[in-house]
>>> print(open('start_2.csv').read())   # CSV, C-alpha atoms
chain,number,residue,atom,x,y,z
Q,1,MET,CA,-21.1,18.1,-101.4
Q,2,ARG,CA,-21.3,21.9,-101.3
Q,3,THR,CA,-23.2,22.8,-98.2
Q,4,PRO,CA,-20.8,23.9,-95.5
Q,5,ILE,CA,-20.5,21.5,-92.6
Q,6,ALA,CA,-21.2,24.2,-90.0
Q,7,TYR,CA,-24.8,24.6,-91.3
Q,8,PHE,CA,-25.5,21.0,-90.4
Q,9,LEU,CA,-23.9,21.5,-87.0
Q,10,LEU,CA,-25.9,24.6,-86.4
Q,11,LEU,CA,-29.1,22.8,-87.4
Q,12,SER,CA,-28.3,20.0,-85.0
Q,13,GLY,CA,-27.7,22.5,-82.2
Q,14,ILE,CA,-31.0,24.2,-82.9
Q,15,LEU,CA,-32.8,20.8,-82.8
Q,16,PHE,CA,-31.0,19.9,-79.6
Q,17,ALA,CA,-32.0,23.2,-77.9
Q,18,LEU,CA,-35.6,22.6,-79.0
Q,19,GLY,CA,-35.5,19.2,-77.5
Q,20,THR,CA,-34.2,20.6,-74.3
Q,21,VAL,CA,-37.0,23.1,-74.2
Q,22,GLY,CA,-39.4,20.2,-74.6
Q,23,VAL,CA,-37.9,18.2,-71.8
Q,24,LEU,CA,-38.0,21.1,-69.4
Q,25,THR,CA,-41.4,22.6,-70.2
Q,26,ARG,CA,-43.7,19.6,-71.0
Q,27,ARG,CA,-45.3,17.7,-68.2
Q,28,SER,CA,-46.6,14.6,-70.1
Q,29,ALA,CA,-44.0,11.8,-69.7
Q,30,LEU,CA,-44.7,10.8,-73.3
Q,31,LEU,CA,-43.9,14.3,-74.7
Q,32,ILE,CA,-40.8,14.5,-72.6
Q,33,PHE,CA,-39.8,11.2,-74.0
Q,34,MET,CA,-40.3,12.4,-77.6
Q,35,SER,CA,-38.2,15.5,-76.8
Q,36,ILE,CA,-35.4,13.2,-75.7
Q,37,GLU,CA,-35.7,11.4,-79.0
Q,38,LEU,CA,-35.3,14.7,-80.7
Q,39,GLN,CA,-32.2,15.4,-78.8
Q,40,LEU,CA,-30.7,12.0,-79.6
Q,41,ASN,CA,-31.4,12.6,-83.3
Q,42,ALA,CA,-29.8,16.0,-83.1
Q,43,VAL,CA,-26.6,14.4,-81.7
Q,44,ASN,CA,-26.7,11.7,-84.4
Q,45,LEU,CA,-26.7,14.5,-87.0
Q,46,THR,CA,-23.6,16.0,-85.4
Q,47,LEU,CA,-21.9,12.6,-85.5
Q,48,VAL,CA,-22.6,12.1,-89.2
Q,49,ALA,CA,-21.6,15.6,-90.0
Q,50,PHE,CA,-18.2,15.2,-88.3
Q,51,SER,CA,-17.8,11.8,-90.0
Q,52,ARG,CA,-18.2,13.6,-93.3
Q,53,MET,CA,-15.9,16.4,-92.2
Q,54,TRP,CA,-13.0,14.1,-91.2
Q,55,ASN,CA,-13.5,11.6,-94.0
Q,56,GLU,CA,-13.9,8.8,-91.5
Q,57,LEU,CA,-16.7,6.3,-91.1
Q,58,ASP,CA,-16.4,5.9,-87.4
Q,59,GLY,CA,-18.9,8.7,-86.8
Q,60,GLN,CA,-21.5,6.9,-88.8
Q,61,VAL,CA,-20.9,3.6,-86.9
Q,62,LEU,CA,-21.3,5.5,-83.7
Q,63,ALA,CA,-24.5,7.0,-84.9
Q,64,PHE,CA,-25.7,3.5,-85.8
Q,65,PHE,CA,-24.9,2.3,-82.3
Q,66,SER,CA,-26.7,5.3,-80.9
Q,67,MET,CA,-29.8,4.4,-82.8
Q,68,VAL,CA,-29.7,0.8,-81.5
Q,69,VAL,CA,-29.4,2.1,-77.9
Q,70,ALA,CA,-32.2,4.6,-78.6
Q,71,ALA,CA,-34.4,1.7,-79.7
Q,72,ALA,CA,-33.7,-0.3,-76.6
Q,73,GLU,CA,-34.2,2.8,-74.5
Q,74,VAL,CA,-37.6,3.6,-76.1
Q,75,VAL,CA,-38.8,0.0,-75.4
Q,76,VAL,CA,-37.9,0.2,-71.7
Q,77,GLY,CA,-39.1,3.8,-71.3
Q,78,LEU,CA,-42.5,3.2,-72.9
Q,79,ALA,CA,-42.9,0.1,-70.7
Q,80,ILE,CA,-42.2,2.3,-67.7
Q,81,ILE,CA,-44.7,4.9,-68.9
Q,82,VAL,CA,-47.3,2.2,-69.4
Q,83,ALA,CA,-46.7,0.8,-65.9
Q,84,LEU,CA,-46.8,4.3,-64.4
Q,85,PHE,CA,-50.2,4.9,-66.2
Q,86,ARG,CA,-51.6,1.7,-64.9
Q,87,ARG,CA,-50.6,2.4,-61.4
Q,88,ARG,CA,-51.6,6.0,-61.2
Q,89,GLY,CA,-53.9,6.7,-64.1
Q,90,THR,CA,-51.8,9.7,-65.2
Q,91,ILE,CA,-48.5,10.2,-66.8
Q,92,ASP,CA,-48.0,13.7,-65.6
Q,93,VAL,CA,-44.4,13.8,-64.3
Q,94,ASP,CA,-45.3,16.3,-61.6
Q,95,ASP,CA,-47.5,13.7,-59.9
Q,96,ALA,CA,-44.9,10.9,-60.0
Q,97,THR,CA,-42.9,12.1,-57.0
Q,98,GLU,CA,-42.0,8.7,-55.4
Q,99,LEU,CA,-39.8,5.9,-56.7
Q,100,ARG,CA,-41.4,3.2,-54.6
Q,101,TRP,CA,-44.5,1.4,-56.0
V,102,MET,CA,-27.5,27.5,-106.6
V,103,PRO,CA,-26.2,23.9,-106.2
V,104,LEU,CA,-28.6,21.1,-105.8
V,105,ASP,CA,-27.2,20.2,-102.3
V,106,ASP,CA,-27.9,23.7,-101.0
V,107,ILE,CA,-31.5,23.7,-102.4
V,108,VAL,CA,-32.2,20.4,-100.7
V,109,PHE,CA,-30.7,21.6,-97.4
V,110,TRP,CA,-32.6,24.9,-97.4
V,111,VAL,CA,-35.8,23.1,-98.1
V,112,PHE,CA,-35.5,20.5,-95.4
V,113,ALA,CA,-33.7,22.3,-92.7
V,114,PRO,CA,-36.5,24.8,-92.1
V,115,VAL,CA,-39.0,22.0,-92.3
V,116,SER,CA,-37.2,20.1,-89.6
V,117,VAL,CA,-36.9,23.1,-87.3
V,118,ALA,CA,-40.6,23.9,-87.9
V,119,SER,CA,-41.7,20.4,-87.2
V,120,ALA,CA,-39.7,20.3,-84.0
V,121,ILE,CA,-41.4,23.6,-82.9
V,122,GLY,CA,-44.7,22.1,-83.9
V,123,MET,CA,-44.0,19.1,-81.8
V,124,LEU,CA,-43.4,21.4,-78.8
V,125,MET,CA,-46.5,23.4,-79.4
V,126,MET,CA,-49.0,20.6,-79.8
V,127,ARG,CA,-51.2,19.7,-76.8
V,128,ASN,CA,-52.4,16.6,-78.5
V,129,ALA,CA,-49.8,13.8,-78.2
V,130,ILE,CA,-50.8,12.2,-81.5
V,131,TYR,CA,-50.1,15.4,-83.4
V,132,ALA,CA,-46.8,15.8,-81.6
V,133,ALA,CA,-45.8,12.3,-82.6
V,134,LEU,CA,-46.7,13.0,-86.3
V,135,PHE,CA,-44.6,16.2,-86.2
V,136,LEU,CA,-41.7,14.2,-84.8
V,137,ILE,CA,-42.0,11.7,-87.7
V,138,VAL,CA,-41.7,14.6,-90.2
V,139,ASN,CA,-38.6,15.8,-88.3
V,140,PHE,CA,-37.1,12.3,-88.5
V,141,PHE,CA,-37.7,12.2,-92.3
V,142,CYS,CA,-36.0,15.6,-92.6
V,143,LEU,CA,-33.0,14.3,-90.6
V,144,ALA,CA,-32.8,11.2,-92.9
V,145,VAL,CA,-32.5,13.6,-95.9
V,146,MET,CA,-29.7,15.4,-94.1
V,147,TYR,CA,-27.9,12.0,-93.7
V,148,LEU,CA,-28.3,11.6,-97.5
V,149,LEU,CA,-26.7,15.0,-98.0
V,150,LEU,CA,-23.8,13.9,-95.8
V,151,ASP,CA,-23.2,10.8,-98.0
V,152,ALA,CA,-24.5,8.4,-95.3
V,153,ALA,CA,-26.9,6.4,-97.4
V,154,PHE,CA,-27.0,3.5,-95.0
V,155,LEU,CA,-28.0,5.7,-92.1
V,156,PHE,CA,-30.6,7.4,-94.3
V,157,ALA,CA,-32.3,4.0,-94.7
V,158,VAL,CA,-31.9,3.0,-91.0
V,159,GLN,CA,-33.2,6.4,-89.9
V,160,ILE,CA,-36.4,5.9,-91.8
V,161,VAL,CA,-36.9,2.2,-91.0
V,162,VAL,CA,-35.9,2.4,-87.3
V,163,TYR,CA,-37.0,5.8,-86.2
V,164,ALA,CA,-39.8,6.9,-88.5
V,165,GLY,CA,-41.0,3.3,-88.7
V,166,ALA,CA,-40.5,1.2,-85.7
V,167,ILE,CA,-39.9,3.7,-82.8
V,168,MET,CA,-42.7,6.1,-83.8
V,169,VAL,CA,-45.2,3.3,-84.4
V,170,LEU,CA,-44.3,2.1,-80.8
V,171,PHE,CA,-45.0,5.7,-79.6
V,172,LEU,CA,-48.3,5.9,-81.4
V,173,PHE,CA,-49.2,2.4,-80.1
V,174,VAL,CA,-48.6,3.6,-76.5
V,175,ILE,CA,-50.4,6.9,-77.0
V,176,MET,CA,-53.5,5.1,-78.3
V,177,LEU,CA,-53.2,2.2,-75.8
V,178,LEU,CA,-53.3,4.7,-72.9
V,179,GLY,CA,-55.9,6.9,-74.5
V,180,ILE,CA,-53.9,10.0,-73.7
V,181,ASP,CA,-55.2,12.4,-76.2
V,182,ARG,CA,-56.3,15.0,-73.8
V,183,GLY,CA,-53.0,16.7,-73.9
V,184,ASP,CA,-51.1,18.3,-71.0
V,185,THR,CA,-52.8,19.3,-67.9
V,186,ILE,CA,-53.8,23.0,-67.7
V,187,ARG,CA,-52.2,23.9,-64.3
V,188,ASP,CA,-48.7,25.3,-64.5
V,189,ARG,CA,-46.5,25.0,-61.5
V,190,LEU,CA,-43.4,26.1,-63.4
V,191,SER,CA,-44.4,29.4,-64.7
V,192,TRP,CA,-41.3,31.4,-64.1
V,193,GLN,CA,-38.9,28.6,-65.0
V,194,ARG,CA,-40.6,28.4,-68.5
V,195,GLY,CA,-39.2,31.8,-69.5
V,196,LEU,CA,-35.8,30.8,-68.1
V,197,VAL,CA,-35.8,27.7,-70.3
V,198,TYR,CA,-36.4,29.8,-73.5
V,199,VAL,CA,-33.5,32.1,-72.5
V,200,LEU,CA,-31.2,29.2,-71.8
V,201,ALA,CA,-32.0,27.5,-75.1
V,202,ALA,CA,-31.6,30.6,-77.1
V,203,GLY,CA,-28.3,31.2,-75.3
V,204,PHE,CA,-27.2,27.7,-76.2
V,205,VAL,CA,-27.9,28.3,-79.9
V,206,VAL,CA,-26.1,31.7,-79.9
V,207,GLU,CA,-23.1,30.2,-78.1
V,208,LEU,CA,-22.9,27.4,-80.6
V,209,PHE,CA,-23.1,29.9,-83.5
V,210,VAL,CA,-20.2,31.9,-82.1
V,211,ALA,CA,-18.2,28.7,-81.4
V,212,LEU,CA,-18.8,27.5,-84.9
V,213,ARG,CA,-17.9,30.8,-86.4
V,214,ALA,CA,-14.7,31.0,-84.4
V,215,GLY,CA,-13.9,27.3,-84.9
V,216,ILE,CA,-14.5,25.8,-88.4
V,217,GLY,CA,-16.2,28.8,-89.8
V,218,PHE,CA,-19.3,28.9,-92.0
V,219,ALA,CA,-17.4,28.7,-95.3
V,220,THR,CA,-15.6,25.4,-94.6
V,221,HIS,CA,-16.8,22.8,-97.0
V,222,ALA,CA,-16.4,19.1,-96.4
V,223,PRO,CA,-13.3,17.8,-98.0
V,224,GLU,CA,-13.4,15.9,-101.2
V,225,GLY,CA,-12.5,12.3,-101.3
V,226,PHE,CA,-15.3,10.8,-99.3
V,227,ALA,CA,-16.3,8.7,-102.3
V,228,ALA,CA,-13.0,6.9,-101.8
V,229,VAL,CA,-13.9,6.2,-98.1
V,230,ASN,CA,-17.3,5.1,-99.2
V,231,GLU,CA,-15.8,2.6,-101.7
V,232,PRO,CA,-17.5,0.5,-103.1
V,233,SER,CA,-20.7,1.7,-101.5
V,234,ASN,CA,-21.6,3.4,-98.2
V,235,THR,CA,-23.4,0.3,-96.8
V,236,GLN,CA,-20.4,-2.0,-97.6
V,237,ALA,CA,-17.9,0.5,-96.2
V,238,VAL,CA,-19.9,0.9,-93.0
V,239,ALA,CA,-20.2,-2.9,-92.7
V,240,LYS,CA,-16.5,-3.3,-93.1
V,241,VAL,CA,-15.8,-0.8,-90.3
V,242,LEU,CA,-18.6,-2.3,-88.1
V,243,PHE,CA,-17.6,-5.9,-88.5
V,244,GLU,CA,-13.9,-5.4,-88.2
V,245,ASP,CA,-13.1,-2.5,-85.9
V,246,TYR,CA,-16.3,-2.5,-83.9
V,247,PHE,CA,-17.1,-6.2,-83.8
V,248,PHE,CA,-17.2,-6.7,-80.1
V,249,PRO,CA,-19.5,-3.7,-79.4
V,250,PHE,CA,-21.7,-4.9,-82.1
V,251,GLU,CA,-22.0,-8.3,-80.4
V,252,VAL,CA,-22.6,-6.7,-77.0
V,253,THR,CA,-25.5,-4.8,-78.6
V,254,SER,CA,-27.4,-8.1,-79.0
V,255,VAL,CA,-27.2,-8.6,-75.2
V,256,LEU,CA,-28.6,-5.1,-74.8
V,257,LEU,CA,-31.5,-5.7,-77.1
V,258,ILE,CA,-32.4,-9.0,-75.3
V,259,VAL,CA,-32.2,-7.4,-71.9
V,260,ALA,CA,-34.4,-4.5,-73.1
V,261,SER,CA,-37.1,-6.7,-74.5
V,262,ILE,CA,-37.2,-8.8,-71.4
V,263,ALA,CA,-37.3,-5.7,-69.2
V,264,ALA,CA,-40.2,-4.3,-71.3
V,265,MET,CA,-42.2,-7.5,-70.8
V,266,VAL,CA,-41.5,-7.6,-67.1
V,267,LEU,CA,-42.4,-3.9,-66.6
V,268,ALA,CA,-45.6,-3.9,-68.7
V,269,GLN,CA,-47.2,-7.1,-67.6
V,270,ARG,CA,-50.2,-7.0,-65.3
V,271,LYS,CA,-49.2,-8.7,-62.0
V,272,ALA,CA,-51.8,-11.1,-60.5
V,273,ARG,CA,-52.1,-10.4,-56.8
V,274,SER,CA,-51.4,-13.4,-54.6
V,275,ILE,CA,-54.3,-14.4,-52.4
V,276,THR,CA,-53.8,-14.4,-48.7
V,277,GLN,CA,-55.1,-17.1,-46.4
V,278,ALA,CA,-57.4,-14.6,-44.7
V,279,GLU,CA,-59.2,-13.9,-48.0
V,280,ILE,CA,-59.6,-17.7,-48.6
V,281,ASP,CA,-61.2,-18.1,-45.2
V,282,ALA,CA,-63.4,-15.0,-45.7
V,283,ALA,CA,-64.6,-16.2,-49.1
V,284,GLY,CA,-65.6,-19.5,-47.7
V,285,ALA,CA,-64.5,-23.0,-48.8
V,286,GLY,CA,-64.8,-23.8,-52.5
V,287,THR,CA,-66.2,-20.5,-53.6
V,288,ARG,CA,-63.0,-18.6,-53.9
V,289,GLU,CA,-62.4,-16.8,-57.2
V,290,ASP,CA,-59.1,-15.7,-58.5
V,291,GLU,CA,-59.0,-12.0,-58.2
V,292,GLU,CA,-57.5,-9.6,-60.6
V,293,VAL,CA,-56.0,-6.3,-59.6
V,294,PRO,CA,-58.1,-3.5,-61.0
V,295,ALA,CA,-56.1,-1.7,-63.6
>>> encode(input="start_2.csv", output="structure tokens")
Amino acid sequence: MRTPIAYFLLLSGILFALGTVGVLTRRSALLIFMSIELQLNAVNLTLVAFSRMWNELDGQVLAFFSMVVAAAEVVVGLAIIVALFRRRGTIDVDDATELRW
Amino acid sequence: MPLDDIVFWVFAPVSVASAIGMLMMRNAIYAALFLIVNFFCLAVMYLLLDAAFLFAVQIVVYAGAIMVLFLFVIMLLGIDRGDTIRDRLSWQRGLVYVLAAGFVVELFVALRAGIGFATHAPEGFAAVNEPSNTQAVAKVLFEDYFFPFEVTSVLLIVASIAAMVLAQRKARSITQAEIDAAGAGTREDEEVPA
């Protein structure tokens, strides 16, 4: 294990920033959702890197939980996107301006 | 050059490039494929950080299950036309790039001032990972984090029920007026057009 920990943290920061750019610039709900996945993964990398840095396994367990929650979130989020597409025929988030039906 | 460094410097640029590729693609399918590449690169990073169990979980859950779900939905909805052309957020777009670059620079400075770029991970992680990473993680998971782990099962059940409820097609209930209008005996169950 010779690569400095800070490189992993910087990589994770870059990926998180790219995910943020995706969330803020894309208009397709699916692509925004993918960018959120990218952000979640970037944070997972941070958790694992810190787990390695402090010689503790808690970070890895937390990353594991984060993956479980992400899986549940993807299921619900994609179902919402499918429902939105059925209702409106588009998944452009600029068009979805109302919460009711 | 140590092997760890070589692997890192091969996969880190690939992961950043695939993330940028995902942002640039107009076609949702290509974006999803780029994201799969990115997830594989992150799995390799986990391996470099001595987290072999998360390496496997990352590939099985993210690159496997979650991205297949994404591709399923993309193909189900038939959204391969990409984003719409019109742009209502033209000036915010530049601001986003500035803020993202600022975030990375800020993180760079913070890391430099904090742990520094020469700090290597301490030795002795092999002792933590005794006898293997999977067994060590399981020990922590089922002893210290047993209750959260059980709560997770509730979360998964609630999520799958929610997905079924949200994604089903609702049959519209038929009013008495429609029955009268259709005439006795000739009424047909109507489906809501999708």
>>> closest_residue(input="start_2.csv", among="Q:Val23, Q:Ile5, Q:Leu30, Q:Leu40", to="Arg52 (chain Q)", atoms="all atoms listed in the file")
Q:Ile5
>>> closest_residue(input="start_2.csv", among="Q:Val69, Q:Leu84, Q:Leu18, Q:Pro4", to="Met34 (chain Q)", atoms="all atoms listed in the file")
Q:Leu18
>>> closest_atom_pairs(input="start_2.csv", of="chain V", to="chain Q", cutoff="6 Å", atoms="only C-alpha atoms", output="CSV")
residue,atom,partner,partner_atom,distance
V:Asp106,CA,Q:Thr3,CA,5.5
V:Leu124,CA,Q:Gly22,CA,5.9
V:Asp184,CA,Q:Ser28,CA,5.9
V:Ala201,CA,Q:Ala17,CA,5.1
V:Val205,CA,Q:Ile14,CA,6.0
V:Phe218,CA,Q:Ala6,CA,5.4
V:Ala219,CA,Q:Pro4,CA,5.9
V:Thr220,CA,Q:Pro4,CA,5.5
V:His221,CA,Q:Pro4,CA,4.4
V:Ala222,CA,Q:Met53,CA,5.0
V:Phe226,CA,Q:Asn55,CA,5.7
V:Leu257,CA,Q:Ala72,CA,5.9
V:Ala260,CA,Q:Ala72,CA,5.5
V:Ala264,CA,Q:Val76,CA,5.1
V:Leu267,CA,Q:Ala79,CA,5.7
V:Ala268,CA,Q:Ala79,CA,5.2
V:Ala295,CA,Q:Arg86,CA,5.8
>>> residues_around(input="start_2.csv", residues="region 232-242 of chain V", least_positions_apart="4", cutoff="9 Å", atoms="only C-alpha atoms", output="PyMOL selection string")
(chain Q and resi 57-58+60-61) or (chain V and resi 151-155+227-228+246-247+249-250)
>>> write_last_selection(input="start_2.csv", atoms="C-alpha atoms", output="PDB file, in the frame of the given file")
ATOM      1  CA  LEU Q  57     -16.700   6.300 -91.100  1.00  0.00           C
ATOM      2  CA  ASP Q  58     -16.400   5.900 -87.400  1.00  0.00           C
ATOM      3  CA  GLN Q  60     -21.500   6.900 -88.800  1.00  0.00           C
ATOM      4  CA  VAL Q  61     -20.900   3.600 -86.900  1.00  0.00           C
TER       5      VAL Q  61
ATOM      6  CA  ASP V 151     -23.200  10.800 -98.000  1.00  0.00           C
ATOM      7  CA  ALA V 152     -24.500   8.400 -95.300  1.00  0.00           C
ATOM      8  CA  ALA V 153     -26.900   6.400 -97.400  1.00  0.00           C
ATOM      9  CA  PHE V 154     -27.000   3.500 -95.000  1.00  0.00           C
ATOM     10  CA  LEU V 155     -28.000   5.700 -92.100  1.00  0.00           C
ATOM     11  CA  ALA V 227     -16.300   8.700-102.300  1.00  0.00           C
ATOM     12  CA  ALA V 228     -13.000   6.900-101.800  1.00  0.00           C
ATOM     13  CA  TYR V 246     -16.300  -2.500 -83.900  1.00  0.00           C
ATOM     14  CA  PHE V 247     -17.100  -6.200 -83.800  1.00  0.00           C
ATOM     15  CA  PRO V 249     -19.500  -3.700 -79.400  1.00  0.00           C
ATOM     16  CA  PHE V 250     -21.700  -4.900 -82.100  1.00  0.00           C
TER      17      PHE V 250
END
>>> atom_distance(input="start_2.csv", atom1="CA of Ile137 (chain V)", atom2="CA of Tyr163 (chain V)")
7.9 Å
>>> atom_distance(input="start_2.csv", atom1="CA of Leu136 (chain V)", atom2="CA of Leu177 (chain V)")
18.9 Å
>>> atom_distance(input="start_2.csv", atom1="CA of Val117 (chain V)", atom2="CA of Val197 (chain V)")
17.6 Å
>>> decode(input="start_2.csv", residues="region 3-96 of chain Q", atoms="C-alpha atoms", output="PDB file, in the first residue's frame")
ATOM      1  CA  THR Q   3      -0.215   5.230  -2.933  1.00  0.00           C
ATOM      2  CA  PRO Q   4      -0.811   8.193  -0.610  1.00  0.00           C
ATOM      3  CA  ILE Q   5      -4.308   8.367   0.852  1.00  0.00           C
ATOM      4  CA  ALA Q   6      -4.736  11.982  -0.259  1.00  0.00           C
ATOM      5  CA  TYR Q   7      -4.744  10.888  -3.920  1.00  0.00           C
ATOM      6  CA  PHE Q   8      -7.794   8.742  -3.311  1.00  0.00           C
ATOM      7  CA  LEU Q   9      -9.516  11.574  -1.474  1.00  0.00           C
ATOM      8  CA  LEU Q  10      -8.723  14.009  -4.267  1.00  0.00           C
ATOM      9  CA  LEU Q  11     -10.035  11.547  -6.870  1.00  0.00           C
ATOM     10  CA  SER Q  12     -13.216  11.167  -4.876  1.00  0.00           C
ATOM     11  CA  GLY Q  13     -13.557  14.959  -4.651  1.00  0.00           C
ATOM     12  CA  ILE Q  14     -13.139  15.313  -8.411  1.00  0.00           C
ATOM     13  CA  LEU Q  15     -15.780  12.642  -9.059  1.00  0.00           C
ATOM     14  CA  PHE Q  16     -18.136  14.304  -6.579  1.00  0.00           C
ATOM     15  CA  ALA Q  17     -17.681  17.679  -8.288  1.00  0.00           C
ATOM     16  CA  LEU Q  18     -18.369  16.074 -11.684  1.00  0.00           C
ATOM     17  CA  GLY Q  19     -21.508  14.504 -10.260  1.00  0.00           C
ATOM     18  CA  THR Q  20     -22.593  17.899  -8.969  1.00  0.00           C
ATOM     19  CA  VAL Q  21     -22.062  19.407 -12.407  1.00  0.00           C
ATOM     20  CA  GLY Q  22     -24.234  16.637 -13.830  1.00  0.00           C
ATOM     21  CA  VAL Q  23     -27.025  17.211 -11.336  1.00  0.00           C
ATOM     22  CA  LEU Q  24     -27.058  20.945 -11.958  1.00  0.00           C
ATOM     23  CA  THR Q  25     -26.718  21.006 -15.742  1.00  0.00           C
ATOM     24  CA  ARG Q  26     -28.594  18.005 -17.118  1.00  0.00           C
ATOM     25  CA  ARG Q  27     -32.363  18.178 -17.607  1.00  0.00           C
ATOM     26  CA  SER Q  28     -33.200  14.520 -18.168  1.00  0.00           C
ATOM     27  CA  ALA Q  29     -34.295  13.032 -14.834  1.00  0.00           C
ATOM     28  CA  LEU Q  30     -32.454   9.802 -15.650  1.00  0.00           C
ATOM     29  CA  LEU Q  31     -29.151  11.570 -16.226  1.00  0.00           C
ATOM     30  CA  ILE Q  32     -29.579  13.579 -13.039  1.00  0.00           C
ATOM     31  CA  PHE Q  33     -30.175  10.304 -11.249  1.00  0.00           C
ATOM     32  CA  MET Q  34     -27.001   8.790 -12.718  1.00  0.00           C
ATOM     33  CA  SER Q  35     -25.056  11.837 -11.555  1.00  0.00           C
ATOM     34  CA  ILE Q  36     -26.406  11.303  -8.047  1.00  0.00           C
ATOM     35  CA  GLU Q  37     -25.137   7.728  -8.221  1.00  0.00           C
ATOM     36  CA  LEU Q  38     -21.738   9.101  -9.198  1.00  0.00           C
ATOM     37  CA  GLN Q  39     -21.767  11.362  -6.151  1.00  0.00           C
ATOM     38  CA  LEU Q  40     -22.746   8.482  -3.857  1.00  0.00           C
ATOM     39  CA  ASN Q  41     -19.884   6.405  -5.198  1.00  0.00           C
ATOM     40  CA  ALA Q  42     -17.433   9.245  -4.709  1.00  0.00           C
ATOM     41  CA  VAL Q  43     -18.435   9.482  -1.057  1.00  0.00           C
ATOM     42  CA  ASN Q  44     -18.105   5.705  -0.702  1.00  0.00           C
ATOM     43  CA  LEU Q  45     -14.535   5.981  -1.945  1.00  0.00           C
ATOM     44  CA  THR Q  46     -13.877   8.593   0.749  1.00  0.00           C
ATOM     45  CA  LEU Q  47     -15.269   6.276   3.410  1.00  0.00           C
ATOM     46  CA  VAL Q  48     -13.109   3.368   2.292  1.00  0.00           C
ATOM     47  CA  ALA Q  49     -10.023   5.578   2.034  1.00  0.00           C
ATOM     48  CA  PHE Q  50     -10.502   6.857   5.590  1.00  0.00           C
ATOM     49  CA  SER Q  51     -11.154   3.299   6.759  1.00  0.00           C
ATOM     50  CA  ARG Q  52      -7.733   2.392   5.369  1.00  0.00           C
ATOM     51  CA  MET Q  53      -6.122   5.477   6.856  1.00  0.00           C
ATOM     52  CA  TRP Q  54      -7.309   4.860  10.422  1.00  0.00           C
ATOM     53  CA  ASN Q  55      -6.950   1.071  10.324  1.00  0.00           C
ATOM     54  CA  GLU Q  56     -10.610   0.619  11.176  1.00  0.00           C
ATOM     55  CA  LEU Q  57     -13.254  -1.394   9.337  1.00  0.00           C
ATOM     56  CA  ASP Q  58     -16.185   0.837  10.328  1.00  0.00           C
ATOM     57  CA  GLY Q  59     -15.738   2.940   7.197  1.00  0.00           C
ATOM     58  CA  GLN Q  60     -16.114  -0.118   5.003  1.00  0.00           C
ATOM     59  CA  VAL Q  61     -19.251  -1.169   6.863  1.00  0.00           C
ATOM     60  CA  LEU Q  62     -20.666   2.321   6.433  1.00  0.00           C
ATOM     61  CA  ALA Q  63     -19.869   2.191   2.703  1.00  0.00           C
ATOM     62  CA  PHE Q  64     -21.672  -1.154   2.591  1.00  0.00           C
ATOM     63  CA  PHE Q  65     -24.764   0.365   4.204  1.00  0.00           C
ATOM     64  CA  SER Q  66     -24.535   3.281   1.817  1.00  0.00           C
ATOM     65  CA  MET Q  67     -24.634   0.829  -1.103  1.00  0.00           C
ATOM     66  CA  VAL Q  68     -27.731  -0.852   0.337  1.00  0.00           C
ATOM     67  CA  VAL Q  69     -29.498   2.469   0.758  1.00  0.00           C
ATOM     68  CA  ALA Q  70     -28.415   3.478  -2.752  1.00  0.00           C
ATOM     69  CA  ALA Q  71     -29.935   0.288  -4.158  1.00  0.00           C
ATOM     70  CA  ALA Q  72     -33.254   0.985  -2.411  1.00  0.00           C
ATOM     71  CA  GLU Q  73     -33.094   4.603  -3.562  1.00  0.00           C
ATOM     72  CA  VAL Q  74     -32.517   3.583  -7.184  1.00  0.00           C
ATOM     73  CA  VAL Q  75     -35.531   1.259  -7.105  1.00  0.00           C
ATOM     74  CA  VAL Q  76     -37.858   3.954  -5.786  1.00  0.00           C
ATOM     75  CA  GLY Q  77     -36.352   6.725  -7.909  1.00  0.00           C
ATOM     76  CA  LEU Q  78     -36.636   4.774 -11.149  1.00  0.00           C
ATOM     77  CA  ALA Q  79     -40.232   3.865 -10.295  1.00  0.00           C
ATOM     78  CA  ILE Q  80     -40.973   7.569  -9.824  1.00  0.00           C
ATOM     79  CA  ILE Q  81     -39.316   8.352 -13.166  1.00  0.00           C
ATOM     80  CA  VAL Q  82     -41.377   5.636 -14.897  1.00  0.00           C
ATOM     81  CA  ALA Q  83     -44.564   7.005 -13.315  1.00  0.00           C
ATOM     82  CA  LEU Q  84     -43.587  10.539 -14.347  1.00  0.00           C
ATOM     83  CA  PHE Q  85     -42.973   9.408 -17.924  1.00  0.00           C
ATOM     84  CA  ARG Q  86     -46.308   7.588 -18.104  1.00  0.00           C
ATOM     85  CA  ARG Q  87     -48.132  10.629 -16.793  1.00  0.00           C
ATOM     86  CA  ARG Q  88     -46.462  13.315 -18.872  1.00  0.00           C
ATOM     87  CA  GLY Q  89     -44.631  11.608 -21.707  1.00  0.00           C
ATOM     88  CA  THR Q  90     -41.402  13.352 -20.802  1.00  0.00           C
ATOM     89  CA  ILE Q  91     -38.825  13.123 -18.040  1.00  0.00           C
ATOM     90  CA  ASP Q  92     -37.493  16.626 -18.528  1.00  0.00           C
ATOM     91  CA  VAL Q  93     -37.291  17.987 -14.991  1.00  0.00           C
ATOM     92  CA  ASP Q  94     -38.066  21.514 -16.212  1.00  0.00           C
ATOM     93  CA  ASP Q  95     -41.522  20.328 -17.218  1.00  0.00           C
ATOM     94  CA  ALA Q  96     -42.314  18.661 -13.906  1.00  0.00           C
TER      95      ALA Q  96
END
